[in-house]
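Trainee: Structure file my_file38.cif (mmCIF, C-alpha atoms and all ligand atoms) right here:
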```cif
data_input
#
loop_
_atom_site.label_atom_id
_atom_site.label_comp_id
_atom_site.auth_asym_id
_atom_site.auth_seq_id
_atom_site.Cartn_x
_atom_site.Cartn_y
_atom_site.Cartn_z
CA MET A 1 3.63 -87.51 -27.99
CA LYS A 2 5.65 -85.47 -25.46
CA LEU A 3 4.35 -82.47 -23.64
CA THR A 4 6.41 -79.81 -21.90
CA ALA A 5 5.17 -77.18 -19.49
CA ASP A 6 6.96 -75.19 -16.82
CA TRP A 7 4.71 -76.62 -14.08
CA LEU A 8 5.58 -80.16 -15.21
CA LEU A 9 9.32 -79.55 -15.15
CA ALA A 10 9.11 -77.62 -11.86
CA GLU A 11 10.92 -79.23 -8.92
CA PRO A 12 7.85 -79.82 -6.70
CA THR A 13 6.01 -81.65 -9.52
CA GLN A 14 8.98 -83.84 -10.32
CA THR A 15 9.62 -84.51 -6.61
CA ILE A 16 6.06 -85.53 -5.83
CA LEU A 17 5.74 -87.77 -8.91
CA ALA A 18 9.08 -89.42 -8.06
CA ALA A 19 7.92 -90.05 -4.49
CA LEU A 20 4.61 -91.52 -5.65
CA THR A 21 6.09 -93.77 -8.36
CA LYS A 22 9.03 -95.16 -6.36
CA GLY A 23 9.16 -98.96 -6.42
CA GLY A 24 6.82 -99.33 -9.38
CA ALA A 25 3.66 -97.55 -8.16
CA GLN A 26 1.83 -95.33 -10.66
CA ALA A 27 1.12 -91.58 -10.54
CA TYR A 28 0.01 -89.18 -13.27
CA LEU A 29 -1.15 -85.63 -13.65
CA VAL A 30 -4.75 -85.83 -14.83
CA GLY A 31 -7.81 -83.83 -15.82
CA GLY A 32 -7.87 -80.10 -16.44
CA CYS A 33 -4.11 -79.50 -16.37
CA VAL A 34 -3.44 -82.11 -19.08
CA ARG A 35 -6.44 -81.03 -21.17
CA ASN A 36 -5.54 -77.32 -20.98
CA ALA A 37 -1.83 -77.86 -21.62
CA LEU A 38 -2.71 -79.78 -24.79
CA LEU A 39 -4.98 -76.93 -25.86
CA GLY A 40 -2.42 -74.27 -24.99
CA ALA A 41 -4.84 -72.84 -22.41
CA PRO A 42 -3.83 -71.61 -18.93
CA VAL A 43 -3.55 -74.23 -16.19
CA SER A 44 -4.79 -73.40 -12.70
CA ASP A 45 -4.76 -76.45 -10.45
CA LEU A 46 -2.75 -79.65 -10.60
CA ASP A 47 -4.57 -82.95 -10.00
CA ILE A 48 -2.75 -86.25 -9.65
CA ALA A 49 -4.15 -89.78 -9.93
CA THR A 50 -2.22 -92.60 -8.30
CA SER A 51 -2.32 -96.34 -7.68
CA ASN A 52 -1.20 -95.74 -4.06
CA THR A 53 -3.84 -96.09 -1.37
CA PRO A 54 -4.62 -92.85 0.50
CA ASP A 55 -2.55 -93.99 3.53
CA GLU A 56 0.40 -94.81 1.33
CA THR A 57 0.03 -91.47 -0.47
CA VAL A 58 0.16 -89.62 2.87
CA ARG A 59 3.25 -91.56 3.89
CA ARG A 60 5.08 -90.89 0.64
CA VAL A 61 4.32 -87.19 0.23
CA THR A 62 5.11 -86.49 3.88
CA GLN A 63 8.48 -88.16 3.45
CA ALA A 64 9.07 -85.96 0.38
CA GLY A 65 8.61 -82.85 2.55
CA PHE A 66 4.96 -82.02 1.78
CA LYS A 67 2.20 -81.45 4.27
CA ALA A 68 -0.64 -83.92 3.63
CA ILE A 69 -4.16 -82.62 4.26
CA PRO A 70 -7.06 -85.09 4.06
CA THR A 71 -9.34 -82.75 2.08
CA GLY A 72 -11.54 -85.46 0.58
CA ILE A 73 -10.40 -88.60 2.29
CA GLU A 74 -13.81 -90.31 1.95
CA HIS A 75 -13.29 -90.43 -1.81
CA GLY A 76 -9.56 -90.96 -1.58
CA THR A 77 -8.29 -87.39 -2.05
CA ILE A 78 -5.35 -85.87 -0.23
CA THR A 79 -4.00 -82.37 -0.80
CA ALA A 80 -0.22 -82.09 -0.66
CA VAL A 81 1.23 -78.66 0.06
CA ARG A 82 4.75 -77.29 0.27
CA ASN A 83 5.40 -73.54 0.14
CA HIS A 84 3.41 -72.39 -2.90
CA ALA A 85 3.13 -75.80 -4.53
CA MET A 86 -0.16 -77.67 -4.14
CA PHE A 87 -1.40 -80.97 -5.58
CA GLU A 88 -4.71 -82.75 -5.20
CA ILE A 89 -3.90 -86.44 -5.20
CA THR A 90 -6.64 -89.04 -5.65
CA THR A 91 -6.27 -92.81 -5.55
CA PHE A 92 -7.38 -94.59 -8.76
CA ARG A 93 -11.08 -95.26 -8.40
CA ARG A 94 -13.88 -97.22 -9.90
CA ASP A 95 -17.42 -95.85 -9.69
CA ILE A 96 -20.11 -98.24 -8.62
CA GLU A 97 -23.55 -97.43 -9.94
CA THR A 98 -25.96 -96.41 -7.23
CA PHE A 99 -29.16 -95.58 -9.15
CA GLY A 100 -29.53 -91.88 -8.79
CA ARG A 101 -27.51 -91.15 -5.70
CA HIS A 102 -23.99 -89.83 -5.43
CA ALA A 103 -21.57 -92.38 -6.82
CA THR A 104 -19.97 -94.66 -4.25
CA VAL A 105 -16.40 -95.58 -5.00
CA ALA A 106 -13.99 -98.43 -4.73
CA PHE A 107 -10.24 -97.91 -4.95
CA SER A 108 -8.36 -99.57 -7.76
CA ASP A 109 -4.77 -100.02 -8.90
CA ASN A 110 -5.76 -99.88 -12.54
CA ILE A 111 -5.58 -96.67 -14.59
CA LEU A 112 -8.28 -97.91 -16.97
CA ASP A 113 -10.78 -98.18 -14.10
CA ASP A 114 -9.87 -94.63 -13.12
CA ALA A 115 -10.31 -93.35 -16.67
CA HIS A 116 -13.76 -94.96 -16.90
CA ARG A 117 -15.01 -93.23 -13.76
CA ARG A 118 -14.16 -89.75 -15.12
CA ASP A 119 -16.86 -87.59 -16.68
CA PHE A 120 -15.70 -86.70 -20.20
CA THR A 121 -13.19 -88.28 -22.57
CA VAL A 122 -11.15 -85.05 -22.68
CA ASN A 123 -10.93 -85.13 -18.87
CA ALA A 124 -9.58 -88.69 -18.86
CA LEU A 125 -6.11 -87.84 -20.19
CA TYR A 126 -3.01 -88.53 -18.07
CA LEU A 127 0.54 -87.19 -18.11
CA ASP A 128 3.64 -88.78 -16.61
CA ALA A 129 6.74 -87.03 -15.24
CA SER A 130 8.58 -87.29 -18.57
CA GLY A 131 5.79 -85.58 -20.51
CA THR A 132 4.19 -88.64 -22.08
CA VAL A 133 0.43 -88.31 -22.49
CA LEU A 134 -1.73 -91.38 -21.87
CA ASP A 135 -5.23 -91.82 -23.23
CA PRO A 136 -6.34 -95.11 -21.65
CA ILE A 137 -9.82 -95.02 -23.19
CA GLY A 138 -8.41 -94.12 -26.58
CA GLU A 139 -10.96 -91.40 -27.41
CA GLY A 140 -9.84 -88.36 -25.43
CA LEU A 141 -7.05 -87.07 -27.69
CA GLU A 142 -9.20 -87.33 -30.77
CA ASP A 143 -12.15 -85.64 -29.06
CA LEU A 144 -9.91 -82.88 -27.75
CA ALA A 145 -8.50 -82.21 -31.23
CA ALA A 146 -12.07 -81.95 -32.55
CA ARG A 147 -13.19 -80.06 -29.43
CA ARG A 148 -15.89 -82.58 -28.66
CA ILE A 149 -17.15 -82.82 -25.08
CA ARG A 150 -18.47 -86.38 -24.81
CA PHE A 151 -19.29 -88.49 -21.79
CA VAL A 152 -17.09 -91.48 -21.05
CA GLY A 153 -19.36 -94.46 -21.75
CA THR A 154 -23.15 -94.20 -21.93
CA PRO A 155 -24.25 -90.66 -20.97
CA GLU A 156 -27.44 -91.88 -19.29
CA ASN A 157 -25.55 -94.23 -16.95
CA ARG A 158 -22.86 -91.70 -16.14
CA ILE A 159 -25.47 -89.09 -15.26
CA HIS A 160 -27.26 -91.55 -12.97
CA GLU A 161 -24.04 -91.94 -11.00
CA ASP A 162 -23.73 -88.20 -10.44
CA TYR A 163 -26.25 -85.66 -11.73
CA LEU A 164 -23.73 -82.83 -11.38
CA ARG A 165 -22.29 -84.15 -14.62
CA ILE A 166 -25.24 -82.53 -16.42
CA LEU A 167 -24.02 -79.08 -15.38
CA ARG A 168 -20.41 -80.03 -16.04
CA PHE A 169 -21.43 -81.05 -19.57
CA PHE A 170 -22.66 -77.51 -20.27
CA ARG A 171 -19.69 -75.97 -18.48
CA PHE A 172 -16.99 -77.84 -20.41
CA THR A 173 -18.82 -77.45 -23.72
CA ALA A 174 -18.95 -73.68 -23.18
CA TRP A 175 -15.24 -73.53 -22.42
CA TYR A 176 -13.72 -76.09 -24.75
CA GLY A 177 -16.39 -77.26 -27.20
CA ASP A 178 -16.47 -76.37 -30.88
CA ALA A 179 -18.84 -73.40 -31.06
CA GLU A 180 -20.04 -74.36 -34.55
CA ALA A 181 -20.79 -77.98 -33.73
CA GLY A 182 -22.57 -77.16 -30.45
CA LEU A 183 -23.43 -79.73 -27.81
CA ASP A 184 -22.88 -83.45 -28.25
CA VAL A 185 -26.32 -84.72 -29.26
CA GLU A 186 -26.39 -87.82 -27.04
CA GLY A 187 -25.01 -85.96 -24.06
CA PHE A 188 -27.62 -83.25 -24.44
CA ALA A 189 -30.50 -85.71 -24.84
CA ALA A 190 -29.43 -87.64 -21.72
CA SER A 191 -28.99 -84.40 -19.75
CA ALA A 192 -32.45 -83.14 -20.71
CA ALA A 193 -34.09 -86.50 -19.96
CA ASN A 194 -32.51 -86.82 -16.50
CA GLN A 195 -32.78 -83.26 -15.29
CA ASP A 196 -34.96 -84.01 -12.24
CA GLY A 197 -31.81 -85.38 -10.61
CA ILE A 198 -30.45 -81.84 -10.38
CA GLU A 199 -32.92 -81.03 -7.61
CA ALA A 200 -31.19 -83.39 -5.20
CA LEU A 201 -27.71 -81.88 -5.68
CA SER A 202 -26.20 -79.65 -3.04
CA LYS A 203 -26.46 -75.93 -3.76
CA GLU A 204 -22.69 -75.58 -3.23
CA ARG A 205 -21.91 -77.99 -6.05
CA ILE A 206 -24.46 -76.35 -8.35
CA GLY A 207 -23.14 -72.88 -7.52
CA HIS A 208 -19.56 -73.94 -8.20
CA GLU A 209 -20.40 -75.25 -11.67
CA MET A 210 -22.60 -72.26 -12.57
CA ARG A 211 -19.87 -69.79 -11.59
CA LYS A 212 -17.42 -71.60 -13.84
CA LEU A 213 -19.93 -71.89 -16.68
CA LEU A 214 -20.72 -68.16 -16.55
CA ALA A 215 -17.00 -67.30 -16.56
CA ALA A 216 -16.51 -68.98 -19.97
CA PRO A 217 -15.49 -66.69 -22.84
CA ASP A 218 -19.02 -67.04 -24.27
CA PRO A 219 -21.45 -68.96 -22.08
CA ALA A 220 -24.54 -67.78 -23.99
CA PRO A 221 -25.02 -70.74 -26.39
CA ALA A 222 -24.67 -73.31 -23.58
CA VAL A 223 -27.00 -71.33 -21.31
CA ALA A 224 -29.50 -71.08 -24.17
CA SER A 225 -29.51 -74.88 -24.49
CA MET A 226 -29.98 -75.18 -20.74
CA ALA A 227 -32.96 -72.85 -20.97
CA GLN A 228 -34.45 -74.63 -23.94
CA SER A 229 -34.31 -78.01 -22.22
CA GLY A 230 -35.77 -76.70 -18.94
CA ILE A 231 -32.53 -77.26 -17.03
CA LEU A 232 -31.85 -73.57 -16.43
CA ALA A 233 -35.21 -73.13 -14.70
CA ARG A 234 -34.36 -76.01 -12.33
CA VAL A 235 -31.17 -74.24 -11.32
CA ILE A 236 -32.53 -70.66 -11.18
CA ALA A 237 -36.31 -70.35 -11.04
CA GLY A 238 -37.62 -67.66 -13.37
CA ALA A 239 -34.28 -67.10 -15.12
CA ASP A 240 -34.47 -65.28 -18.44
CA LEU A 241 -31.60 -65.71 -20.86
CA ARG A 242 -32.47 -62.97 -23.32
CA ALA A 243 -29.99 -60.36 -22.08
CA LEU A 244 -26.98 -62.67 -21.78
CA ALA A 245 -25.90 -62.86 -25.43
CA PRO A 246 -26.23 -59.06 -25.91
CA LEU A 247 -24.08 -58.58 -22.80
CA VAL A 248 -21.34 -60.87 -24.12
CA HIS A 249 -21.53 -58.98 -27.39
CA LEU A 250 -21.09 -55.63 -25.62
CA GLU A 251 -18.26 -56.99 -23.48
CA ARG A 252 -16.44 -57.92 -26.65
CA LEU A 253 -16.59 -54.49 -28.20
CA ASN A 254 -13.27 -52.93 -27.41
CA TYR A 255 -14.61 -49.87 -25.68
CA ALA A 256 -16.17 -51.93 -22.94
CA GLY A 257 -12.86 -53.81 -22.64
CA ILE A 258 -13.81 -56.03 -19.74
CA GLU A 259 -12.84 -59.49 -18.60
CA PRO A 260 -15.61 -62.07 -18.23
CA ASP A 261 -17.42 -61.28 -14.98
CA TRP A 262 -19.62 -64.22 -13.97
CA LEU A 263 -21.62 -62.25 -11.43
CA LEU A 264 -22.46 -59.52 -13.96
CA ARG A 265 -23.56 -62.22 -16.41
CA LEU A 266 -25.59 -63.89 -13.68
CA THR A 267 -27.33 -60.57 -12.98
CA THR A 268 -28.64 -60.48 -16.56
CA LEU A 269 -30.52 -63.73 -15.92
CA GLY A 270 -32.69 -62.29 -13.16
CA GLY A 271 -34.72 -65.02 -11.47
CA GLN A 272 -35.83 -65.70 -7.93
CA ASP A 273 -33.78 -66.59 -4.89
CA VAL A 274 -30.53 -66.59 -6.85
CA ALA A 275 -28.29 -66.14 -3.81
CA ARG A 276 -29.77 -69.22 -2.16
CA ALA A 277 -29.96 -71.30 -5.35
CA LEU A 278 -26.24 -70.88 -5.98
CA ARG A 279 -25.10 -70.41 -2.36
CA LEU A 280 -23.58 -67.02 -3.08
CA SER A 281 -21.29 -65.60 -0.41
CA LYS A 282 -22.35 -62.50 1.54
CA ALA A 283 -20.11 -60.29 -0.61
CA GLU A 284 -21.44 -61.81 -3.84
CA THR A 285 -25.04 -61.42 -2.69
CA ARG A 286 -24.41 -57.79 -1.81
CA ARG A 287 -22.83 -57.06 -5.19
CA LEU A 288 -25.70 -58.77 -7.05
CA GLN A 289 -28.15 -56.61 -5.11
CA VAL A 290 -26.17 -53.40 -5.76
CA LEU A 291 -26.11 -54.09 -9.50
CA ARG A 292 -29.83 -54.90 -9.56
CA ASP A 293 -30.74 -51.86 -7.45
CA HIS A 294 -28.99 -49.34 -9.67
CA VAL A 295 -30.19 -50.59 -13.07
CA GLY A 296 -33.55 -48.83 -12.82
CA THR A 297 -32.46 -45.56 -11.15
CA THR A 298 -32.03 -42.18 -12.85
CA GLU A 299 -28.46 -41.75 -11.60
CA SER A 300 -26.09 -40.41 -14.23
CA PRO A 301 -23.03 -42.43 -15.26
CA ALA A 302 -20.90 -40.00 -13.25
CA GLU A 303 -23.04 -40.45 -10.16
CA LEU A 304 -22.79 -44.24 -10.53
CA GLY A 305 -19.03 -43.96 -10.85
CA TYR A 306 -18.77 -41.82 -7.74
CA ARG A 307 -21.07 -44.01 -5.65
CA LEU A 308 -20.08 -47.51 -6.83
CA GLY A 309 -16.55 -47.16 -8.13
CA PHE A 310 -15.69 -47.66 -11.77
CA ALA A 311 -16.02 -51.45 -12.09
CA ASP A 312 -19.55 -51.66 -10.71
CA ALA A 313 -20.63 -48.46 -12.46
CA ARG A 314 -19.51 -50.01 -15.73
CA ALA A 315 -21.39 -53.20 -14.85
CA VAL A 316 -24.59 -51.19 -14.19
CA LEU A 317 -24.21 -49.25 -17.45
CA LEU A 318 -23.84 -52.49 -19.40
CA LEU A 319 -26.84 -53.97 -17.58
CA ARG A 320 -28.95 -50.92 -18.37
CA ALA A 321 -28.12 -51.30 -22.05
CA VAL A 322 -29.03 -55.00 -22.24
CA LEU A 323 -31.91 -55.15 -19.75
CA LEU A 324 -33.63 -51.88 -20.65
CA GLN A 325 -32.57 -52.18 -24.29
CA THR A 326 -31.12 -48.70 -24.44
CA GLN A 327 -28.25 -47.58 -26.62
CA PHE A 328 -24.88 -48.12 -24.97
CA ASP A 329 -22.82 -44.94 -25.00
CA PRO A 330 -19.05 -45.40 -24.60
CA ILE A 331 -18.71 -41.82 -23.34
CA SER A 332 -20.72 -42.83 -20.27
CA LEU A 333 -17.82 -45.10 -19.27
CA GLN A 334 -15.39 -42.21 -19.39
CA ASN A 335 -17.70 -40.11 -17.25
CA ALA A 336 -18.08 -42.91 -14.74
CA GLU A 337 -14.33 -43.44 -14.63
CA LYS A 338 -13.56 -39.77 -14.03
CA ALA A 339 -16.20 -39.51 -11.33
CA ALA A 340 -14.94 -42.66 -9.59
CA ALA A 341 -11.80 -40.72 -8.71
CA ALA A 342 -13.69 -37.65 -7.41
CA GLU A 343 -13.63 -36.89 -3.68
CA PHE A 344 -16.34 -34.93 -1.88
CA PRO A 345 -14.52 -31.88 -0.46
CA LEU A 346 -16.55 -31.59 2.80
CA ARG A 347 -16.47 -33.54 6.07
CA GLY A 348 -18.97 -33.49 8.94
CA ALA A 349 -16.48 -31.44 10.93
CA ASP A 350 -16.83 -28.60 8.40
CA LEU A 351 -20.47 -28.07 9.42
CA LEU A 352 -20.23 -28.62 13.17
CA ASP A 353 -20.57 -24.92 13.97
CA ARG A 354 -23.97 -24.78 12.25
CA PHE A 355 -25.48 -28.31 12.49
CA SER A 356 -25.52 -31.30 14.79
CA GLY A 357 -26.92 -34.83 14.97
CA GLN A 358 -29.38 -35.89 12.26
CA ALA A 359 -29.56 -32.40 10.78
CA LEU A 360 -25.83 -32.49 10.15
CA GLY A 361 -26.09 -35.78 8.29
CA ALA A 362 -28.99 -34.48 6.20
CA GLU A 363 -27.16 -31.26 5.33
CA LEU A 364 -24.06 -33.15 4.32
CA LYS A 365 -26.20 -35.33 2.02
CA ARG A 366 -27.91 -32.27 0.52
CA LEU A 367 -24.57 -30.60 -0.23
CA GLU A 368 -23.17 -33.81 -1.68
CA ALA A 369 -26.17 -34.02 -4.04
CA LEU A 370 -25.59 -30.39 -5.10
CA TRP A 371 -21.94 -31.17 -5.68
CA ILE A 372 -22.77 -34.25 -7.79
CA ALA A 373 -25.36 -32.23 -9.78
CA SER A 374 -22.67 -29.62 -10.48
CA GLY A 375 -20.62 -32.31 -12.18
CA PHE A 376 -18.26 -32.41 -9.15
CA SER A 377 -17.18 -28.85 -9.88
CA LEU A 378 -18.37 -26.98 -6.73
CA THR A 379 -15.41 -26.30 -4.46
CA ARG A 380 -15.24 -26.56 -0.68
CA ASP A 381 -15.64 -22.80 -0.24
CA GLU A 382 -18.55 -22.60 -2.65
CA LEU A 383 -20.31 -25.43 -0.83
CA LEU A 384 -19.78 -23.85 2.60
CA ARG A 385 -21.25 -20.61 1.31
P1 LIG B 401 -10.84 -77.00 -14.11
O1 LIG B 401 -9.96 -77.28 -12.94
O2 LIG B 401 -10.22 -76.25 -15.23
O3 LIG B 401 -12.14 -76.44 -13.69
P2 LIG B 401 -10.95 -79.87 -14.34
O4 LIG B 401 -11.19 -80.77 -15.51
O5 LIG B 401 -9.63 -79.99 -13.66
O6 LIG B 401 -11.23 -78.40 -14.82
P3 LIG B 401 -12.11 -80.43 -11.81
O7 LIG B 401 -13.48 -80.12 -11.32
O8 LIG B 401 -10.94 -79.76 -11.17
O9 LIG B 401 -12.14 -80.13 -13.36
O10 LIG B 401 -11.95 -82.01 -11.72
C1 LIG B 401 -10.70 -82.66 -12.03
C2 LIG B 401 -10.95 -83.95 -12.80
O11 LIG B 401 -11.68 -84.87 -11.96
C3 LIG B 401 -11.81 -83.80 -14.05
O12 LIG B 401 -11.02 -83.48 -15.17
C4 LIG B 401 -12.45 -85.16 -14.17
O13 LIG B 401 -11.56 -86.09 -14.71
C5 LIG B 401 -12.67 -85.56 -12.71
N1 LIG B 401 -13.99 -85.17 -12.18
C6 LIG B 401 -14.28 -84.09 -11.42
N2 LIG B 401 -15.57 -84.06 -11.07
C7 LIG B 401 -16.14 -85.16 -11.62
C8 LIG B 401 -17.46 -85.71 -11.60
N3 LIG B 401 -18.46 -85.10 -10.99
N4 LIG B 401 -17.64 -86.89 -12.27
C9 LIG B 401 -16.63 -87.50 -12.90
N5 LIG B 401 -15.38 -87.03 -12.95
C10 LIG B 401 -15.12 -85.88 -12.32
MG MG B 402 -9.02 -79.02 -11.93
#
```
Starting from the coordinates I provided, produce the structure as structure tokens.
Mentor:
Amino acid sequence: MKLTADWLLAEPTQTILAALTKGGAQAYLVGGCVRNALLGAPVSDLDIATSNTPDETVRRVTQAGFKAIPTGIEHGTITAVRNHAMFEITTFRRDIETFGRHATVAFSDNILDDAHRRDFTVNALYLDASGTVLDPIGEGLEDLAARRIRFVGTPENRIHEDYLRILRFFRFTAWYGDAEAGLDVEGFAASAANQDGIEALSKERIGHEMRKLLAAPDPAPAVASMAQSGILARVIAGADLRALAPLVHLERLNYAGIEPDWLLRLTTLGGQDVARALRLSKAETRRLQVLRDHVGTTESPAELGYRLGFADARAVLLLRAVLLQTQFDPISLQNAEKAAAAEFPLRGADLLDRFSGQALGAELKRLEALWIASGFSLTRDELLR
């Protein structure tokens, strides 16, 4: 079976694969790009697996005009960059079981070893420069066609090597699994049984997987299984999944017309210490707080639009509907959108002849509130009077 894609035929891809395979060495695109291309889904990053040692990889890509950055050299990963082209290149590896700690690795020159250390059969598919797909384990193509997310080998053992695979199991099932069939039964049982291992994972890694899970077209069924098995509570203490499915439902109605927004979905879950549990950035933490703070206020849709801008006003209106179980009114979106473009017609300078210091600030606030209450209709002259 031959696969074509513009990123495969592109000059940088062909150049780097040629450099890495010269003289009989092996190099393949692997993982998400191969999986998504086969599914006809968008491809974001390009990962390469190679039989070259990391030192040899650096030598070869540098000679081919790429800059080699040792982004994950301890597990054999080098990032090659040239202009806008970027590849993450990892030497074939074999995982060595370490009983509950992060997998230690040994390099290998054998693609089958490399396939066996990958998490799911659909992530262990390889693609060469000519577009030939390789399935060394012999289960990935069939699983992909049936949209089955199954661990490579025995789930229990694979989870013991790296407990992050539990969260990846839910993430990939949400994105690529068959919604009717649900989670792979053995994978789910092993995930539930080994969930204490999640506690030892770094918050960065957990946060990364949860962001991606919540960005899936419909993460609600996978999150419900996480909740049911107790895994969700280990990730976010006190999380409540009840508002997530209604939110996804509202998002899908045309009038809400919004792209999946993982932070909005996260907000529906509530829970304690979310920013720390998922290592949210400062900006993400601030947005989460803004959304939470405005759900319970009496501000009108227009006032939300004016104060928060349209996107966050819309997020708050959706949250109000699903968290407070109120009717969602599409007109409220129009009001928020109109108000988001409104500009308060007064500046501090307009009041300088009558007020100063704190009194000036307070007066400006009072007039702004009047203006908002008027539906943004009071003019500058009316306000000054
Ligand atoms: P996407 O980039 O769309 O999120 P992906 O499948 O490329 O999906 P990455 O996290 O980029 O996922 O990882 C690239 C590949 O590396 C995976 O497809 C998988 O083969 C392997 N991999 C990544 N993380 C793990 C892990 N924790 N255990 C085993 N294999 C892994
Ligand atoms: Mg990837």
Trainee: Using all atoms listed in the file, determine which residues fall within 9 Å of ligand MG 402 (chain B), then list them as a short mmCIF file (atom, residue, chain, number, x, y, z; two decimals) with C-alpha atoms, in the coordinates of the input.
Mentor:
```
data_model
loop_
_atom_site.label_atom_id
_atom_site.label_comp_id
_atom_site.auth_asym_id
_atom_site.auth_seq_id
_atom_site.Cartn_x
_atom_site.Cartn_y
_atom_site.Cartn_z
CA VAL A 30 -4.75 -85.83 -14.83
CA GLY A 31 -7.81 -83.83 -15.82
CA GLY A 32 -7.87 -80.10 -16.44
CA CYS A 33 -4.11 -79.50 -16.37
CA VAL A 43 -3.55 -74.23 -16.19
CA SER A 44 -4.79 -73.40 -12.70
CA ASP A 45 -4.76 -76.45 -10.45
CA LEU A 46 -2.75 -79.65 -10.60
CA ASP A 47 -4.57 -82.95 -10.00
CA GLU A 88 -4.71 -82.75 -5.20
#
```
Trainee: Excluding same-chain residues fewer than 2 positions from region 366-371 of chain A, what lies within 12 Å of it counting all atoms listed in the file, as a short mmCIF file (atom, residue, chain, number, x, y, z; two decimals) with C-alpha atoms, in the frame of the given file?
Mentor:
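The result, stored in around17.cif:
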```cif
data_model
loop_
_atom_site.label_atom_id
_atom_site.label_comp_id
_atom_site.auth_asym_id
_atom_site.auth_seq_id
_atom_site.Cartn_x
_atom_site.Cartn_y
_atom_site.Cartn_z
CA GLU A 299 -28.46 -41.75 -11.60
CA ALA A 302 -20.90 -40.00 -13.25
CA GLU A 303 -23.04 -40.45 -10.16
CA TYR A 306 -18.77 -41.82 -7.74
CA ARG A 307 -21.07 -44.01 -5.65
CA ALA A 339 -16.20 -39.51 -11.33
CA ALA A 342 -13.69 -37.65 -7.41
CA GLU A 343 -13.63 -36.89 -3.68
CA PHE A 344 -16.34 -34.93 -1.88
CA PRO A 345 -14.52 -31.88 -0.46
CA LEU A 346 -16.55 -31.59 2.80
CA ARG A 347 -16.47 -33.54 6.07
CA GLY A 348 -18.97 -33.49 8.94
CA ASP A 350 -16.83 -28.60 8.40
CA LEU A 351 -20.47 -28.07 9.42
CA ALA A 359 -29.56 -32.40 10.78
CA LEU A 360 -25.83 -32.49 10.15
CA GLY A 361 -26.09 -35.78 8.29
CA ALA A 362 -28.99 -34.48 6.20
CA GLU A 363 -27.16 -31.26 5.33
CA LEU A 364 -24.06 -33.15 4.32
CA ALA A 373 -25.36 -32.23 -9.78
CA SER A 374 -22.67 -29.62 -10.48
CA GLY A 375 -20.62 -32.31 -12.18
CA PHE A 376 -18.26 -32.41 -9.15
CA SER A 377 -17.18 -28.85 -9.88
CA LEU A 378 -18.37 -26.98 -6.73
CA THR A 379 -15.41 -26.30 -4.46
CA ARG A 380 -15.24 -26.56 -0.68
CA ASP A 381 -15.64 -22.80 -0.24
CA GLU A 382 -18.55 -22.60 -2.65
CA LEU A 383 -20.31 -25.43 -0.83
CA LEU A 384 -19.78 -23.85 2.60
CA ARG A 385 -21.25 -20.61 1.31
#
```
Trainee: Per residue of chain A within 10 Å of ligand LIG 401 (chain B), note the shortest atom pair and the distance in Å to one decimal, counting all atoms listed in the file, and order the rows by chain and increasing residue number, as CSV.
Mentor:
```
residue,atom,partner,partner_atom,distance
A:Leu29,CA,B:LIG401,C2,10.0
A:Val30,CA,B:LIG401,O12,6.7
A:Gly31,CA,B:LIG401,O12,3.3
A:Gly32,CA,B:LIG401,O5,3.3
A:Cys33,CA,B:LIG401,O5,6.2
A:Val34,CA,B:LIG401,O5,8.5
A:Arg35,CA,B:LIG401,O4,7.4
A:Asn36,CA,B:LIG401,O2,7.5
A:Ala41,CA,B:LIG401,O2,9.6
A:Pro42,CA,B:LIG401,O2,8.7
A:Val43,CA,B:LIG401,O2,7.0
A:Ser44,CA,B:LIG401,O1,6.5
A:Asp45,CA,B:LIG401,O1,5.8
A:Leu46,CA,B:LIG401,O5,7.5
A:Asp47,CA,B:LIG401,C1,6.5
A:Ile48,CA,B:LIG401,C1,9.0
A:Ala49,CA,B:LIG401,O11,9.2
A:Glu88,CA,B:LIG401,C1,9.1
A:Thr90,CA,B:LIG401,O11,9.1
A:Asp95,CA,B:LIG401,C9,9.0
A:His102,CA,B:LIG401,N3,9.2
A:Ala103,CA,B:LIG401,N4,8.7
A:Asp114,CA,B:LIG401,O13,8.8
A:Ala115,CA,B:LIG401,O13,7.6
A:His116,CA,B:LIG401,C9,8.9
A:Arg117,CA,B:LIG401,C9,6.0
A:Arg118,CA,B:LIG401,N5,3.7
A:Asp119,CA,B:LIG401,C9,3.8
A:Phe120,CA,B:LIG401,O13,6.9
A:Thr121,CA,B:LIG401,O13,8.3
A:Val122,CA,B:LIG401,O12,7.7
A:Asn123,CA,B:LIG401,O12,4.1
A:Ala124,CA,B:LIG401,O13,5.3
A:Leu125,CA,B:LIG401,O13,7.9
A:Tyr126,CA,B:LIG401,O13,9.5
A:Phe151,CA,B:LIG401,C9,9.3
A:Val152,CA,B:LIG401,C9,9.1
A:Arg158,CA,B:LIG401,N4,8.1
A:Ile159,CA,B:LIG401,N4,8.7
A:Glu161,CA,B:LIG401,N4,8.3
A:Asp162,CA,B:LIG401,N3,6.1
A:Tyr163,CA,B:LIG401,N3,7.8
A:Leu164,CA,B:LIG401,N3,5.8
A:Arg165,CA,B:LIG401,N3,5.4
A:Ile166,CA,B:LIG401,N3,9.1
A:Leu167,CA,B:LIG401,N3,9.3
A:Arg168,CA,B:LIG401,N3,7.4
A:Phe169,CA,B:LIG401,N3,9.9
A:Arg171,CA,B:LIG401,O3,9.0
A:Phe172,CA,B:LIG401,O6,8.0
A:Trp175,CA,B:LIG401,O2,9.2
A:Arg205,CA,B:LIG401,N3,9.3
A:His208,CA,B:LIG401,O7,9.2
A:Glu209,CA,B:LIG401,O7,8.5
A:Lys212,CA,B:LIG401,O3,7.2
A:Leu213,CA,B:LIG401,O3,9.5
```
